[in-house]
$ cat coords09.cif   # mmCIF, C-alpha atoms
data_data
loop_
_atom_site.label_atom_id
_atom_site.label_comp_id
_atom_site.auth_asym_id
_atom_site.auth_seq_id
_atom_site.Cartn_x
_atom_site.Cartn_y
_atom_site.Cartn_z
CA MET A 1 -11.09 2.67 17.89
CA LEU A 2 -11.26 2.39 14.11
CA THR A 3 -13.71 -0.08 12.58
CA PRO A 4 -12.39 -3.05 10.57
CA GLU A 5 -13.94 -1.53 7.44
CA GLN A 6 -12.13 1.77 7.98
CA LEU A 7 -8.82 -0.01 8.49
CA LYS A 8 -9.47 -2.13 5.41
CA GLU A 9 -9.87 0.89 3.13
CA ILE A 10 -7.89 3.55 4.94
CA ALA A 11 -4.89 3.55 2.58
CA ASP A 12 -6.77 2.86 -0.66
CA THR A 13 -6.49 6.50 -1.75
CA MET A 14 -2.79 5.76 -2.32
CA TYR A 15 -3.47 3.27 -5.14
CA PRO A 16 -3.85 5.87 -7.93
CA LEU A 17 -0.72 7.73 -6.78
CA LEU A 18 1.33 4.53 -6.66
CA SER A 19 -0.04 3.41 -10.01
CA ARG A 20 0.90 6.72 -11.64
CA LEU A 21 4.46 6.47 -10.31
CA THR A 22 5.05 2.89 -11.46
CA ASP A 23 3.42 3.61 -14.85
CA TRP A 24 5.63 6.67 -15.29
CA ILE A 25 8.77 4.66 -14.55
CA THR A 26 7.84 1.88 -16.97
CA LYS A 27 6.83 4.28 -19.75
CA ASP A 28 10.04 6.32 -19.43
CA ILE A 29 12.22 3.19 -19.53
CA ILE A 30 10.42 1.85 -22.62
CA GLU A 31 10.70 5.12 -24.52
CA ARG A 32 14.41 5.51 -23.70
CA MET A 33 15.16 1.82 -24.29
CA ILE A 34 13.61 1.81 -27.77
CA ALA A 35 15.42 5.04 -28.68
CA CYS A 36 18.66 3.57 -27.33
CA MET A 37 18.27 0.31 -29.28
CA ASP A 38 17.40 2.21 -32.47
CA ARG A 39 20.73 4.05 -32.21
CA SER A 40 22.58 0.80 -31.51
CA GLU A 41 21.60 -0.72 -34.87
CA ALA A 42 24.39 1.22 -36.59
CA ILE A 43 26.98 -0.07 -34.12
CA GLY A 44 29.04 -3.16 -34.94
CA PHE A 45 29.43 -6.03 -32.51
CA GLY A 46 32.99 -5.06 -31.59
CA GLU A 47 32.23 -1.38 -30.94
CA THR A 48 31.45 -1.83 -27.26
CA ASP A 49 32.72 1.61 -26.28
CA LYS A 50 30.22 3.35 -28.60
CA TRP A 51 27.36 1.27 -27.18
CA GLN A 52 28.40 2.04 -23.62
CA ILE A 53 28.36 5.78 -24.33
CA ILE A 54 24.85 5.59 -25.79
CA LEU A 55 23.65 3.36 -22.96
CA TYR A 56 25.02 5.41 -20.08
CA GLN A 57 23.85 8.68 -21.55
CA ALA A 58 20.33 7.25 -21.75
CA ALA A 59 20.61 5.79 -18.23
CA ALA A 60 21.71 9.15 -16.84
CA GLY A 61 18.74 10.81 -18.54
CA HIS A 62 16.35 8.29 -16.96
CA TYR A 63 17.88 8.79 -13.52
CA GLU A 64 17.62 12.58 -13.72
CA ALA A 65 14.03 12.53 -15.02
CA LEU A 66 12.93 9.95 -12.45
CA SER A 67 14.53 11.86 -9.58
CA ALA A 68 12.50 14.93 -10.58
CA GLU A 69 9.33 12.83 -10.91
CA ILE A 70 9.86 11.25 -7.48
CA GLN A 71 10.25 14.70 -5.96
CA ARG A 72 6.89 15.72 -7.43
CA TRP A 73 5.30 12.44 -6.35
CA THR A 74 6.61 12.76 -2.81
CA GLY A 75 4.90 16.11 -2.38
CA LYS A 76 1.56 14.61 -3.43
CA SER A 77 2.02 11.45 -1.36
CA GLU A 78 2.93 13.39 1.78
CA GLU A 79 -0.28 15.37 1.51
CA GLU A 80 -2.32 12.19 1.03
CA VAL A 81 -0.64 10.45 3.98
CA ARG A 82 -1.30 13.55 6.06
CA LYS A 83 -5.04 13.39 5.28
CA ILE A 84 -5.13 9.66 6.04
CA PHE A 85 -3.59 10.18 9.47
CA LEU A 86 -5.84 13.13 10.26
CA ASP A 87 -8.94 11.12 9.45
CA ALA A 88 -7.71 8.05 11.30
CA GLY A 89 -6.80 10.02 14.42
CA ILE A 90 -10.08 11.93 14.55
CA LYS A 91 -12.31 8.91 13.95
CA ALA A 92 -10.41 6.70 16.39
CA TRP A 93 -10.52 9.32 19.14
CA ASP A 94 -14.19 10.21 18.57
CA ALA A 95 -15.15 6.57 19.21
CA ASP A 96 -13.04 6.29 22.38
CA ASN A 97 -14.16 9.66 23.72
CA ALA A 98 -17.82 8.72 23.24
CA PHE A 99 -17.23 5.61 25.39
CA TYR A 100 -15.73 7.63 28.24
CA VAL A 101 -18.57 10.16 28.18
CA SER A 102 -21.15 7.34 28.27
CA HIS A 103 -19.42 6.01 31.39
CA GLY A 104 -19.51 9.32 33.23
CA LEU A 105 -16.00 10.53 32.48
CA ASP A 106 -15.13 13.95 31.12
CA SER A 107 -14.97 14.53 27.38
CA VAL A 108 -11.49 15.36 26.11
CA GLN A 109 -10.85 17.33 22.95
CA LEU A 110 -8.12 15.77 20.85
CA LEU A 111 -6.44 19.12 20.18
CA LYS A 112 -6.19 19.92 23.87
CA ASN A 113 -4.51 16.66 24.82
CA GLU A 114 -0.80 17.06 24.21
CA HIS A 115 -0.05 13.37 24.81
CA LEU A 116 -2.51 12.23 22.15
CA MET A 117 -1.41 14.82 19.62
CA ASN A 118 2.24 13.91 20.14
CA ILE A 119 1.42 10.25 19.45
CA LEU A 120 -0.46 11.09 16.25
CA VAL A 121 2.26 13.42 14.97
CA ASP A 122 5.07 11.00 15.87
CA CYS A 123 3.45 8.10 13.98
CA TYR A 124 2.79 10.34 10.98
CA GLN A 125 6.40 11.51 10.88
CA ARG A 126 7.81 8.00 11.19
CA THR A 127 5.51 6.70 8.45
CA ASN A 128 6.41 9.53 6.08
CA GLY A 129 10.08 8.97 6.91
CA GLU A 130 9.81 5.30 5.94
CA ILE A 131 8.10 6.17 2.65
CA LYS A 132 10.84 8.69 1.88
CA ASN A 133 13.45 6.04 2.57
CA PHE A 134 11.71 3.74 0.09
CA THR A 135 11.57 6.34 -2.65
CA ARG A 136 15.21 7.37 -2.19
CA THR A 137 16.26 3.95 -3.45
CA ILE A 138 13.95 3.89 -6.47
CA ALA A 139 15.91 6.10 -8.90
CA GLY A 140 19.15 4.15 -8.52
CA ALA A 141 17.39 0.77 -8.70
CA SER A 142 15.44 1.83 -11.79
CA GLN A 143 18.60 3.11 -13.51
CA GLN A 144 20.34 -0.22 -12.91
CA ARG A 145 17.31 -2.07 -14.24
CA PHE A 146 17.32 0.11 -17.36
CA ILE A 147 21.02 -0.62 -18.00
CA GLN A 148 20.53 -4.36 -17.52
CA LEU A 149 17.51 -4.56 -19.84
CA CYS A 150 19.19 -2.57 -22.60
CA ASP A 151 22.47 -4.48 -22.31
CA ASP A 152 20.70 -7.83 -22.45
CA ALA A 153 18.65 -6.81 -25.50
CA HIS A 154 21.71 -5.35 -27.26
CA ILE A 155 23.77 -8.52 -26.78
CA LYS A 156 20.94 -10.76 -28.00
CA VAL A 157 20.51 -8.70 -31.17
CA MET A 158 24.24 -8.32 -31.85
CA THR A 159 24.93 -12.06 -31.43
CA GLY A 160 21.93 -13.05 -33.53
CA ALA A 161 20.35 -14.86 -30.61
CA GLN A 162 17.18 -12.82 -31.10
CA SER A 163 15.74 -10.39 -33.59
CA TYR A 164 15.43 -6.72 -32.73
CA THR A 165 11.66 -7.08 -32.45
CA GLY A 166 11.92 -10.24 -30.33
CA ALA A 167 14.40 -8.63 -27.95
CA MET A 168 12.22 -5.56 -27.52
CA ILE A 169 9.08 -7.60 -26.89
CA GLU A 170 10.91 -9.63 -24.23
CA ALA A 171 12.21 -6.48 -22.52
CA VAL A 172 8.80 -4.79 -22.50
CA ASN A 173 7.17 -7.95 -21.14
CA ASP A 174 9.77 -8.11 -18.39
CA LEU A 175 9.06 -4.50 -17.45
CA SER A 176 5.31 -4.99 -17.38
CA GLU A 177 5.41 -8.32 -15.55
CA HIS A 178 7.81 -7.38 -12.78
CA GLN A 179 7.29 -4.17 -10.82
CA LEU A 180 10.32 -2.36 -9.46
CA LYS A 181 11.28 -3.79 -6.08
CA ILE A 182 12.37 -2.23 -2.78
CA LYS A 183 14.94 -4.07 -0.69
CA TYR A 184 14.82 -3.73 3.10
CA PRO A 185 17.98 -3.76 5.28
CA SER A 186 16.92 -7.26 6.36
CA GLY A 187 17.16 -8.43 2.75
CA HIS A 188 13.37 -8.79 2.33
CA VAL A 189 12.09 -7.54 -1.03
CA ASP A 190 8.69 -5.93 -1.79
CA THR A 191 7.09 -4.03 -4.63
CA ILE A 192 6.75 -0.28 -4.15
CA GLU A 193 2.98 -0.68 -3.82
CA THR A 194 3.19 -3.35 -1.12
CA ALA A 195 5.85 -1.53 0.88
CA VAL A 196 4.09 1.85 0.93
CA LEU A 197 0.58 0.53 1.63
CA ARG A 198 1.77 -1.76 4.43
CA CYS A 199 3.71 1.14 5.94
CA ILE A 200 0.64 3.43 5.97
CA ARG A 201 -1.79 0.81 7.28
CA THR A 202 0.57 -0.23 10.04
CA GLY A 203 1.37 3.39 10.93
CA THR A 204 -2.26 4.47 11.24
CA ALA A 205 -3.17 1.35 13.24
CA GLN A 206 -0.29 2.02 15.63
CA ALA A 207 -1.23 5.69 15.94
CA SER A 208 -4.85 4.95 16.90
CA GLY A 209 -3.76 2.09 19.16
CA ASN A 210 -1.16 4.10 21.03
CA MET A 211 -3.62 6.97 21.45
CA THR A 212 -6.15 4.54 22.94
CA ILE A 213 -3.63 3.13 25.40
CA GLN A 214 -2.49 6.61 26.49
CA ALA A 215 -6.10 7.72 27.10
CA MET A 216 -6.87 4.54 29.05
CA MET A 217 -3.90 5.17 31.33
CA ASP A 218 -4.92 8.83 31.72
CA ASN A 219 -8.46 7.74 32.70
CA GLY A 220 -7.40 4.80 34.86
CA TRP A 221 -9.38 2.38 32.66
CA ASP A 222 -8.01 -1.18 32.49
CA LEU A 223 -10.52 -3.19 30.41
CA ILE A 224 -9.80 -3.15 26.70
CA ARG A 225 -12.11 -4.41 23.95
CA VAL A 226 -10.65 -5.72 20.67
CA SER A 227 -12.73 -5.38 17.49
CA ALA A 228 -13.91 -8.34 15.43
CA HIS A 229 -14.80 -8.97 11.81
CA LEU A 230 -15.78 -11.88 9.61
CA GLY A 231 -12.83 -13.17 7.62
CA ALA A 232 -10.18 -12.57 10.28
CA ARG A 233 -6.75 -14.09 9.69
CA TYR A 234 -6.54 -17.54 11.30
CA GLY A 235 -2.83 -18.34 10.91
CA ASP A 236 -2.05 -21.90 11.95
CA GLY A 237 -5.32 -22.17 13.87
CA GLY A 238 -3.62 -22.28 17.26
CA GLU A 239 -4.10 -20.09 20.31
CA ASN A 240 -1.39 -17.57 19.45
CA PRO A 241 -1.11 -13.94 18.24
CA GLY A 242 -1.00 -15.03 14.59
CA ASN A 243 -4.54 -16.41 14.86
CA HIS A 244 -6.55 -13.18 14.84
CA ALA A 245 -9.84 -15.10 14.78
CA TRP A 246 -8.95 -16.55 18.19
CA TRP A 247 -8.37 -13.31 20.10
CA GLN A 248 -10.75 -10.93 18.26
CA GLY A 249 -13.86 -9.43 19.90
CA LYS A 250 -12.82 -10.21 23.50
CA LEU A 251 -12.07 -8.24 26.66
CA TYR A 252 -8.53 -7.99 28.01
CA SER A 253 -6.68 -6.38 30.86
CA LEU A 254 -4.37 -3.61 29.70
CA SER A 255 -2.20 -3.86 32.80
CA GLY A 256 -2.28 -7.66 32.81
CA ALA A 257 -3.10 -7.57 36.53
CA SER A 258 -6.68 -8.82 36.24
CA ALA A 259 -7.53 -12.30 37.52
CA GLU A 260 -10.64 -12.45 35.29
CA TYR A 261 -9.39 -11.15 31.95
CA PRO A 262 -6.24 -12.24 30.03
CA PRO A 263 -3.33 -9.83 29.53
CA PHE A 264 -3.77 -7.67 26.45
CA ARG A 265 -0.28 -7.52 24.93
CA GLU A 266 0.75 -11.11 25.56
CA THR A 267 -2.47 -12.61 24.20
CA THR A 268 -2.95 -10.48 21.07
CA GLY A 269 0.71 -9.89 20.25
CA TYR A 270 0.09 -6.14 20.09
CA GLY A 271 3.14 -4.37 18.68
CA THR A 272 4.45 -7.41 16.78
CA GLY A 273 4.26 -8.06 13.04
CA PRO A 274 1.93 -11.08 13.10
CA GLY A 275 -0.23 -9.77 15.97
CA LEU A 276 -2.75 -7.02 16.63
CA SER A 277 -2.01 -3.79 14.70
CA GLY A 278 0.76 -5.63 12.86
CA TRP A 279 1.16 -6.29 9.14
CA ASN A 280 -2.02 -5.22 7.34
CA CYS A 281 -4.10 -6.03 10.43
CA ARG A 282 -7.72 -4.81 10.26
CA HIS A 283 -8.34 -5.05 13.99
CA SER A 284 -8.47 -2.17 16.40
CA PHE A 285 -9.25 -1.79 20.09
CA GLY A 286 -10.61 0.64 22.64
CA PRO A 287 -11.86 0.92 26.23
CA GLY A 288 -14.52 -1.70 26.98
CA ASP A 289 -16.79 -3.17 29.63
CA PRO A 290 -18.39 -6.59 30.23
CA GLU A 291 -21.94 -5.34 29.59
CA HIS A 292 -21.50 -4.06 26.06
CA ASN A 293 -19.91 -5.89 23.14
CA PRO A 294 -20.73 -4.29 19.77
CA PHE A 295 -18.93 -7.06 17.90
CA GLN A 296 -20.48 -10.27 16.66
CA SER A 297 -18.99 -13.70 17.34
CA TYR A 298 -18.22 -15.75 14.25
CA ASP A 299 -18.24 -19.46 13.61
CA ASP A 300 -14.73 -20.75 12.86
CA ASP A 301 -15.74 -22.37 9.56
CA ALA A 302 -17.64 -19.28 8.40
CA ASN A 303 -14.70 -17.06 9.33
CA LYS A 304 -12.22 -19.31 7.51
CA LYS A 305 -14.38 -19.33 4.39
CA ALA A 306 -14.70 -15.52 4.42
CA TYR A 307 -10.95 -15.10 4.92
CA ASP A 308 -10.10 -17.49 2.09
CA LEU A 309 -12.55 -15.70 -0.23
CA SER A 310 -10.99 -12.34 0.67
CA GLN A 311 -7.56 -13.70 -0.23
CA VAL A 312 -8.83 -14.84 -3.63
CA GLN A 313 -10.45 -11.44 -4.17
CA ARG A 314 -7.23 -9.60 -3.30
CA SER A 315 -5.30 -11.87 -5.67
CA MET A 316 -7.74 -11.13 -8.49
CA GLU A 317 -7.44 -7.39 -7.82
CA ARG A 318 -3.65 -7.65 -8.04
CA GLY A 319 -4.03 -9.51 -11.32
CA ILE A 320 -6.24 -6.77 -12.75
CA ARG A 321 -3.82 -4.03 -11.72
CA LYS A 322 -1.00 -6.03 -13.27
CA ALA A 323 -2.96 -6.44 -16.51
CA LYS A 324 -3.64 -2.68 -16.60
CA HIS A 325 0.08 -2.05 -16.17
CA LYS A 326 0.82 -4.48 -19.03
CA ALA A 327 -1.65 -2.68 -21.31
CA MET A 328 -0.07 0.67 -20.45
CA ALA A 329 3.44 -0.69 -21.12
CA THR A 330 2.61 -2.18 -24.50
CA LYS A 331 0.75 1.00 -25.53
CA ALA A 332 3.86 3.00 -24.63
CA ALA A 333 5.91 0.63 -26.81
CA VAL A 334 3.47 1.08 -29.72
CA ASP A 335 3.78 4.86 -29.46
CA ALA A 336 7.60 4.80 -29.14
CA ALA A 337 8.38 2.23 -31.85
CA ARG A 338 9.80 3.53 -35.13
CA ASP A 339 10.35 0.12 -36.72
CA ASP A 340 7.20 -0.97 -38.60
CA ALA A 341 7.62 -4.64 -37.77
CA ALA A 342 8.11 -3.88 -34.07
CA LYS A 343 5.13 -1.50 -34.04
CA LYS A 344 2.96 -4.22 -35.60
CA VAL A 345 3.98 -6.80 -32.98
CA PHE A 346 3.59 -4.31 -30.11
CA THR A 347 0.11 -3.45 -31.38
CA GLU A 348 -0.82 -7.13 -31.35
CA GLU A 349 0.54 -7.45 -27.80
CA TYR A 350 -1.43 -4.39 -26.73
CA GLU A 351 -4.66 -5.83 -28.13
CA LYS A 352 -3.99 -9.11 -26.29
CA SER A 353 -3.37 -7.30 -23.02
CA VAL A 354 -6.60 -5.29 -23.40
CA SER A 355 -8.55 -8.50 -24.07
CA LEU A 356 -6.99 -10.13 -21.02
CA LEU A 357 -7.88 -7.12 -18.89
CA GLN A 358 -11.49 -7.27 -20.05
CA ALA A 359 -11.65 -11.00 -19.27
CA LEU A 360 -10.14 -10.54 -15.80
CA ASN A 361 -12.59 -7.75 -15.00
CA LYS A 362 -15.52 -9.92 -16.10
CA GLU A 363 -14.25 -12.85 -14.02
CA TYR A 364 -13.76 -10.60 -10.99
CA GLN A 365 -17.26 -9.13 -11.24
CA LYS A 366 -18.75 -12.64 -11.45
CA PHE A 367 -16.68 -13.90 -8.51
CA CYS A 368 -17.83 -11.03 -6.31
CA LYS A 369 -21.48 -11.48 -7.33
CA ASP A 370 -21.41 -15.25 -6.80
CA ASN A 371 -19.89 -14.91 -3.34
CA GLY A 372 -21.74 -11.82 -2.11
CA LEU A 373 -18.59 -9.65 -2.04
CA ARG A 374 -18.41 -5.93 -2.61
CA VAL A 375 -16.60 -4.94 -5.79
CA MET A 376 -13.60 -2.87 -4.72
CA THR A 377 -13.56 -0.43 -7.63
CA ASP A 378 -11.29 1.88 -5.66
CA ARG A 379 -8.50 -0.73 -5.71
CA LEU A 380 -8.97 -1.33 -9.40
CA ASN A 381 -9.27 2.24 -10.65
CA THR A 382 -9.53 5.29 -8.41
CA ALA A 383 -9.49 4.85 -4.67
CA LYS A 384 -11.92 6.86 -2.59
CA TRP A 385 -12.22 6.79 1.14
CA ASN A 386 -15.29 8.76 2.23
CA ARG A 387 -13.77 11.45 4.41
CA GLU A 388 -16.02 13.33 6.79
CA GLN A 389 -13.80 16.33 7.28
CA ALA A 390 -15.73 18.47 9.68
CA LYS A 391 -14.41 21.41 11.69
CA ALA A 392 -12.51 19.01 13.93
CA ALA A 393 -10.43 17.87 10.95
CA LEU A 394 -9.60 21.42 10.01
CA ARG A 395 -8.63 22.24 13.58
CA THR A 396 -6.43 19.16 13.79
CA GLU A 397 -4.76 20.02 10.49
CA THR A 398 -3.96 23.47 11.86
CA MET A 399 -2.50 21.87 14.95
CA MET A 400 -0.33 19.54 12.87
CA ASP A 401 0.82 22.49 10.80
CA ASN A 402 2.01 24.22 13.96
CA ARG A 403 4.04 21.16 14.88
CA ASN A 404 5.96 21.12 11.58
CA VAL A 405 4.84 17.64 10.67
CA ASP A 406 6.16 18.00 7.14
CA THR A 407 9.69 17.56 8.43
CA VAL A 408 11.21 14.21 9.22
#
$ encode --input "coords09.cif" --output "structure tokens"
Amino acid sequence: MLTPEQLKEIADTMYPLLSRLTDWITKDIIERMIACMDRSEAIGFGETDKWQIILYQAAAGHYEALSAEIQRWTGKSEEEVRKIFLDAGIKAWDADNAFYVSHGLDSVQLLKNEHLMNILVDCYQRTNGEIKNFTRTIAGASQQRFIQLCDDAHIKVMTGAQSYTGAMIEAVNDLSEHQLKIKYPSGHVDTIETAVLRCIRTGTAQASGNMTIQAMMDNGWDLIRVSAHLGARYGDGGENPGNHAWWQGKLYSLSGASAEYPPFRETTGYGTGPGLSGWNCRHSFGPGDPEHNPFQSYDDDANKKAYDLSQVQRSMERGIRKAKHKAMATKAAVDAARDDAAKKVFTEEYEKSVSLLQALNKEYQKFCKDNGLRVMTDRLNTAKWNREQAKAALRTETMMDNRNVDTV
């Protein structure tokens, strides 16, 4: 079983990697867009063919450069995801194994249990496969975005609807305000950051959960304890899987055959998006007994208040990351601009974005202090999850190497 705090922060080491990728994409588009628009100034309104040549040459250059960057990024992200899964698997199993030993059952080494290792490796491979599927779509989507932004700016300038400087400012603002999106087969759209982080959190939660269930079946243990934390999701407040505050911290029957304890899957919604181990869920579970409950019970009003505060905090963190991205984008425009008037305006925009960032940081620090919340500097700057990589981690990594987990 992983603790709620571990599940909360388990994927935070991906924030810097994701930030570097999105910043690289935005910076490359801005540099190429300004160069493209500078060349277009000598083109008359009716010379569409000349503009198209310039535009598509620049778009092809962006696609090629981004494809190479994604390849480099994927190598780094795969290694980070690998470490996340190793740590999650080891910590989850250590907690479950300690429970079995305390109840007179034999200790089982993770590396020597083929069922458990297969579960961990399978979840890792599927998660990495999903991330690869996301990134495969990025280059094409970014190229189309580049073409659209440049075309829109070119038409506005050529028709006199906007000045060159005004069109460039609008395009840069659009880039900094709206992160590149990933579209799922279902039609749902997410930012790259949201899609990747949700994928990793869900994958690690499922890996630890499936390992727990396999070990319980191997040991003939039916009672299952779900973790609890203050600020659990409460959904519509009803007695259903979407109300995590309702089912957290309780004992369940894994088989569903118990007359005393409710069925695990049906009550918690384990394996579904809104339920236990679903979308960004911070709950975990492990073998349990009626005599020992390490989790505190929480008052509904206190839980609701904590959850609502956490949502405000997350929103403020997103705002800060967005402001940082805006500052980076306008600085890239300052550096790329050759037109003095445009450079002056971009510099003013950059100074505004820096001031906004400072104000948001100050507001965030005050909000956390006033409400007794921990400042999540990892989500705002560099993410660090304190990894205790002992010999067990190294042995597990060797085991995963032998199973060719870098292939999907």
$ atom_distance --input "coords09.cif" --atom1 "atom CA of A:Lys324" --atom2 "atom CA of A:Thr26"
12.4 Å
$ resolve_selection --input "coords09.cif" --expression "the PyMOL selection byres ((chain A and resi 5-19) around 9)" --output "PDB file with C-alpha atoms, in the coordinates of the input"
ATOM      1  CA  LEU A   2     -11.260   2.390  14.110  1.00  0.00           C
ATOM      2  CA  THR A   3     -13.710  -0.080  12.580  1.00  0.00           C
ATOM      3  CA  PRO A   4     -12.390  -3.050  10.570  1.00  0.00           C
ATOM      4  CA  ARG A  20       0.900   6.720 -11.640  1.00  0.00           C
ATOM      5  CA  LEU A  21       4.460   6.470 -10.310  1.00  0.00           C
ATOM      6  CA  THR A  22       5.050   2.890 -11.460  1.00  0.00           C
ATOM      7  CA  ASP A  23       3.420   3.610 -14.850  1.00  0.00           C
ATOM      8  CA  TRP A  24       5.630   6.670 -15.290  1.00  0.00           C
ATOM      9  CA  TRP A  73       5.300  12.440  -6.350  1.00  0.00           C
ATOM     10  CA  LYS A  76       1.560  14.610  -3.430  1.00  0.00           C
ATOM     11  CA  SER A  77       2.020  11.450  -1.360  1.00  0.00           C
ATOM     12  CA  GLU A  80      -2.320  12.190   1.030  1.00  0.00           C
ATOM     13  CA  VAL A  81      -0.640  10.450   3.980  1.00  0.00           C
ATOM     14  CA  ILE A  84      -5.130   9.660   6.040  1.00  0.00           C
ATOM     15  CA  ASP A  87      -8.940  11.120   9.450  1.00  0.00           C
ATOM     16  CA  ALA A  88      -7.710   8.050  11.300  1.00  0.00           C
ATOM     17  CA  ILE A 192       6.750  -0.280  -4.150  1.00  0.00           C
ATOM     18  CA  GLU A 193       2.980  -0.680  -3.820  1.00  0.00           C
ATOM     19  CA  VAL A 196       4.090   1.850   0.930  1.00  0.00           C
ATOM     20  CA  LEU A 197       0.580   0.530   1.630  1.00  0.00           C
ATOM     21  CA  ARG A 198       1.770  -1.760   4.430  1.00  0.00           C
ATOM     22  CA  ILE A 200       0.640   3.430   5.970  1.00  0.00           C
ATOM     23  CA  ARG A 201      -1.790   0.810   7.280  1.00  0.00           C
ATOM     24  CA  THR A 204      -2.260   4.470  11.240  1.00  0.00           C
ATOM     25  CA  ALA A 205      -3.170   1.350  13.240  1.00  0.00           C
ATOM     26  CA  HIS A 229     -14.800  -8.970  11.810  1.00  0.00           C
ATOM     27  CA  ASN A 280      -2.020  -5.220   7.340  1.00  0.00           C
ATOM     28  CA  CYS A 281      -4.100  -6.030  10.430  1.00  0.00           C
ATOM     29  CA  ARG A 282      -7.720  -4.810  10.260  1.00  0.00           C
ATOM     30  CA  HIS A 283      -8.340  -5.050  13.990  1.00  0.00           C
ATOM     31  CA  SER A 284      -8.470  -2.170  16.400  1.00  0.00           C
ATOM     32  CA  ARG A 321      -3.820  -4.030 -11.720  1.00  0.00           C
ATOM     33  CA  HIS A 325       0.080  -2.050 -16.170  1.00  0.00           C
ATOM     34  CA  ASP A 378     -11.290   1.880  -5.660  1.00  0.00           C
ATOM     35  CA  ARG A 379      -8.500  -0.730  -5.710  1.00  0.00           C
ATOM     36  CA  LEU A 380      -8.970  -1.330  -9.400  1.00  0.00           C
ATOM     37  CA  ASN A 381      -9.270   2.240 -10.650  1.00  0.00           C
ATOM     38  CA  THR A 382      -9.530   5.290  -8.410  1.00  0.00           C
ATOM     39  CA  ALA A 383      -9.490   4.850  -4.670  1.00  0.00           C
ATOM     40  CA  LYS A 384     -11.920   6.860  -2.590  1.00  0.00           C
ATOM     41  CA  TRP A 385     -12.220   6.790   1.140  1.00  0.00           C
TER      42      TRP A 385
END
$ atom_distance --input "coords09.cif" --atom1 "atom CA of A:Ser227" --atom2 "atom CA of A:Lys250"
7.7 Å
$ closest_residue --input "coords09.cif" --among "A:Asn361, A:Ser258, A:Gln206, A:Thr268" --to "A:Asp122" --atoms "all atoms listed in the file"
A:Gln206
$ closest_residue --input "coords09.cif" --among "A:Val101, A:Ile119, A:Leu111, A:Ala65" --to "A:Lys27" --atoms "all atoms listed in the file"
A:Ala65
$ resolve_selection --input "coords09.cif" --expression "the PyMOL selection byres ((chain A and resi 148-161) around 8)" --output "JSON, numbers by chain"
{"A": [33, 36, 37, 40, 44, 45, 55, 144, 145, 146, 147, 162, 163, 164, 167, 168, 171]}
$ closest_residue --input "coords09.cif" --among "A:Lys91, A:Lys183, A:Lys331, A:Lys305" --to "A:Glu348" --atoms "all atoms listed in the file"
A:Lys331
